[in-house]
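Shown next, in structure tokens, is the structure this report addresses.
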Protein chains: 2
Amino acid sequence: MSTTVSPLAPKSYPEMPEIEGVQFATASAGIKYKDRTDVLLATVAEGTAVAGVFTRSKCSSAPVDWCKARVGGGKARALLVNSGNANAFTGKKGKAAVELSAEIVSRELGCSEGEIFLASTGVIGEPLPADKFSGVIGELKANQGSASWLDAAKAIMTTDTYPKVSTASVELDGVTVTINGIAKGAGMIAPDMATMLSFIYTDAPIAPSVLQALLSGEVDGSFNAVTVDSDTSTSDTVLLFATGAAGKKGVESVASLDDPRVDVLRAALGDVMLDLSHQIVRDGEGARKFVEVRVEGAESDGSAKRIALSIANSPLVKTAIAGEDANWGRVVMAVGKAGEPADRDKLAIWFGDVRVAVEGERDPDYSEAAASAVMEQEDIVIRVDLGLGSGQAAVWTCDLTKEYVAINGDYRS
Amino acid sequence: MSTTVSPLAPKSYPEMPEIEGVQFATASAGIKYKDRTDVLLATVAEGTAVAGVFTRSKCSSAPVDWCKARVGGGKARALLVNSGNANAFTGKKGKAAVELSAEIVSRELGCSEGEIFLASTGVIGEPLPADKFSGVIGELKANQGSASWLDAAKAIMTTDTYPKVSTASVELDGVTVTINGIAKGAGMIAPDMATMLSFIYTDAPIAPSVLQALLSGEVDGSFNAVTVDSDTSTSDTVLLFATGAAGKKGVESVASLDDPRVDVLRAALGDVMLDLSHQIVRDGEGARKFVEVRVEGAESDGSAKRIALSIANSPLVKTAIAGEDANWGRVVMAVGKAGEPADRDKLAIWFGDVRVAVEGERDPDYSEAAASAVMEQEDIVIRVDLGLGSGQAAVWTCDLTKEYVAINGDYRS
């Protein structure tokens, strides 16, 4: 596994404000890793609202099944996350392990199991030794508040080469409310490999139904718009918690989507989710280039997104980017194979600001030198205009390098 | 580009019987390559029936558009194929190039343009210099019959590391009839890259409607069941020609799908198409392993095939195979992400004869050593039983190696 930090990693970490009602502690339970933290207990104030979105995998992990069954209740008191073992494809043992985990936490915190949320990431197919949580739960409770946002992000890492945090603040009723998030993973799964987890917190008072609508609305353009290798985790989990602590400072509860303050919150939440999802791509295994694929002029936004993902997931497009090759022919191929409405003779393609193809053929003013100069950049934008309608979408991916093959193919040799 | 022959190449070539009414000649028109043949003219006897299947790409090449518009006529006299330029994404110039190509051939052979079929493979986006055919058409006509099946297969190669031929013979009305085919390509497309072309011939007398039904029926389990990197060519073309020469030896024309001889022909045609499609995978860029993915117990055959392709196209599965890693967790992931009906707790997975997972968890008798021994083989079978129904499918792929990334990413550096 790669141990050097991705060259695409952020150059600095933001100052993360406190969020009243949220406390972290981490511990080393020795679930798989040695000499590092592998458990995060995050407690939230009584009355905290929760919302969640989860993997669409038909082989979802036991903790995903646990959370899906409880998030509808809309209330949370604690989140327990471990790295090193995904508790996925573990059958009845997996179900027993999440039940034991929740029991250990609820007994220690004295809250109901229905308000405890669980996430696991790491090896799949290995039974999770949940009894190891018993050995650290007292320490985790005693140390609540001792871990920073960065500490929390570090404890949930697997193949990540850097911790991922993001923050935004907005004014509601003249009061500053904060949205903080952490994330891990590179959108992939396998033994010893990563998955995608993100946990976001705000002190704004938001009703569970509004919170769920906000999260579900923003995920399509962020966590569901990034791809490293098109492989979907069995464990992907995004949870959004609202402690409501800002209510004590005079912020009225946001109880309806018609509330004008929803747009303000949506924009800030969207910024945090987009930032975290981009950080995941920038930590993609073997990644050397960060690529935005923008599709415009499609028959619908959905069609634009399916075409954008066809481009972003194409091994031939991704290897060309790795080779700094302005290979627009492969973009044409990826548009053509998407199965979406497209008219070859209306197609236009740009690398950065350089238009390489127009009206179904190479741009008459095409300059190999100009296009190649774009490909040498670390961040690259590929833009496609289908010329059919007003549908548009953007997705983000990275290049496909020999390091990706080495990390995923060589680690046993 | 790779110059060494794939380690998965067939160890020998079959003896290819003559097919009366089919003649080949090849030439070097210098379209792109130096010191090699790059044009094939294949003429067929008057009254030859033709059928075809083509890429589903929305950005299909000009020759594909030409053939699609004419194959319905059901009659053919000649096929002109060039390598080095795909005449794809060439706009109006591309349409003019195929019209000029057909005119050059029809004038020389004195047949109608509607009976001339065209295919091109190689660089896309570059205008095809069709006038170069004028310089070799006389030589191609004069030399008809001078090129062998292997010569023909060589003239249409691009990144192929070996020519692909296959043959089968069956008895119809006491007469031996033959089916011969050639193919090229590795199921991918891009400048300097390959596409998938196959041309199959028989001397059996078969009506065009029956011929098309036979071809369409067999393509799903052969050419449409192989994948190297999930990228679909803009130029994929399979043409099937029936000269009917065996009619002179007393074989009655096969004019209806109810004819009992159809099953005999279907089996032989299927064998040739499967053999050629497997040879394409064995020549996949960077391939070191040939992998059969078999899915059983699905709700339908279509569902089984979509799950099999999800496994066969997964970069994490393919890199694990390259690393000889018995990584069944990635197979679980690929089943889960396929979006098809699946029940984690009924899933069973085999590598070769070794069952690695059953009833939603690792097989209690799992042996890492036994599974790893399977992965060291050159040919590997991955079998998944969903335990839901009777739907089944098989697809074929290869591993994803650093050589693939090098071939597709490094050739400009």
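Letters A, B, ... go to the chains of the structure tokens in the order shown; residues in each chain start at 1; ligands are counted from 1 in the same order.
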Exercise for the section: Run DSSP on the backbone of this structure and report the residues of stretch 86-189 of chain A it assigns to strand (DSSP E), as an MDAnalysis selection string. Expected result: chainID A and resid 116:123 164:172 175:184
Exercise for the section: Mind checking which residues fall within 9 Å of A:Ser106, counting only C-alpha atoms, ignoring those fewer than 4 positions away in the same chain, and posting them as number ranges by chain? Expected result: A: 78, 101-102, 110-113, 115-116
Those same residues, written as a PDB file, in the first residue's frame with N, CA, C and O atoms?
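The resulting part.pdb:
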```
ATOM      1  N   ALA A  78     -24.902   8.915  19.456  1.00  0.00           N
ATOM      2  CA  ALA A  78     -23.498   8.535  19.310  1.00  0.00           C
ATOM      3  C   ALA A  78     -23.233   7.857  17.974  1.00  0.00           C
ATOM      4  O   ALA A  78     -24.126   7.268  17.366  1.00  0.00           O
ATOM      5  N   SER A 101     -21.786  -4.310  19.339  1.00  0.00           N
ATOM      6  CA  SER A 101     -21.183  -2.963  19.351  1.00  0.00           C
ATOM      7  C   SER A 101     -22.162  -1.946  19.921  1.00  0.00           C
ATOM      8  O   SER A 101     -21.812  -1.150  20.812  1.00  0.00           O
ATOM      9  N   ALA A 102     -23.395  -1.980  19.418  1.00  0.00           N
ATOM     10  CA  ALA A 102     -24.408  -1.018  19.878  1.00  0.00           C
ATOM     11  C   ALA A 102     -24.704  -1.224  21.360  1.00  0.00           C
ATOM     12  O   ALA A 102     -24.875  -0.258  22.111  1.00  0.00           O
ATOM     13  N   GLY A 110     -25.718   5.009  28.339  1.00  0.00           N
ATOM     14  CA  GLY A 110     -27.072   5.052  28.888  1.00  0.00           C
ATOM     15  C   GLY A 110     -28.080   5.663  27.936  1.00  0.00           C
ATOM     16  O   GLY A 110     -28.922   6.472  28.329  1.00  0.00           O
ATOM     17  N   CYS A 111     -27.952   5.336  26.665  1.00  0.00           N
ATOM     18  CA  CYS A 111     -28.966   5.784  25.698  1.00  0.00           C
ATOM     19  C   CYS A 111     -29.470   4.564  24.935  1.00  0.00           C
ATOM     20  O   CYS A 111     -28.913   3.479  25.048  1.00  0.00           O
ATOM     21  N   SER A 112     -30.534   4.761  24.152  1.00  0.00           N
ATOM     22  CA  SER A 112     -31.122   3.607  23.477  1.00  0.00           C
ATOM     23  C   SER A 112     -30.277   3.221  22.250  1.00  0.00           C
ATOM     24  O   SER A 112     -29.650   4.077  21.614  1.00  0.00           O
ATOM     25  N   GLU A 113     -30.309   1.934  21.920  1.00  0.00           N
ATOM     26  CA  GLU A 113     -29.514   1.450  20.781  1.00  0.00           C
ATOM     27  C   GLU A 113     -29.971   2.062  19.469  1.00  0.00           C
ATOM     28  O   GLU A 113     -29.202   2.180  18.514  1.00  0.00           O
ATOM     29  N   GLU A 115     -30.465   5.057  18.897  1.00  0.00           N
ATOM     30  CA  GLU A 115     -29.825   6.364  18.683  1.00  0.00           C
ATOM     31  C   GLU A 115     -28.315   6.232  18.476  1.00  0.00           C
ATOM     32  O   GLU A 115     -27.602   7.220  18.482  1.00  0.00           O
ATOM     33  N   ILE A 116     -27.862   4.983  18.298  1.00  0.00           N
ATOM     34  CA  ILE A 116     -26.431   4.751  18.079  1.00  0.00           C
ATOM     35  C   ILE A 116     -26.206   4.340  16.633  1.00  0.00           C
ATOM     36  O   ILE A 116     -26.894   3.454  16.105  1.00  0.00           O
TER      37      ILE A 116
END
```
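With only C-alpha atoms as the basis for measurement, A:Pro127 is the residue among A:Pro208, A:Gly250, A:Pro127, A:Gly352 that approaches chain B most closely.
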Fill in the blank from the handout: atom CA of B:Ala322 to atom CA of A:Val5 measures 25.1 Å
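Near B:Leu239, within 9 Å and counting only C-alpha atoms, sit Val50, Ala51, Gly52, Val53, Phe54, Val71, Phe117, Leu197, Ser198, Phe199, Ile200, Tyr201, Leu215, Thr237 and Phe241 of chain B; same-chain residues fewer than 2 positions away were not included.
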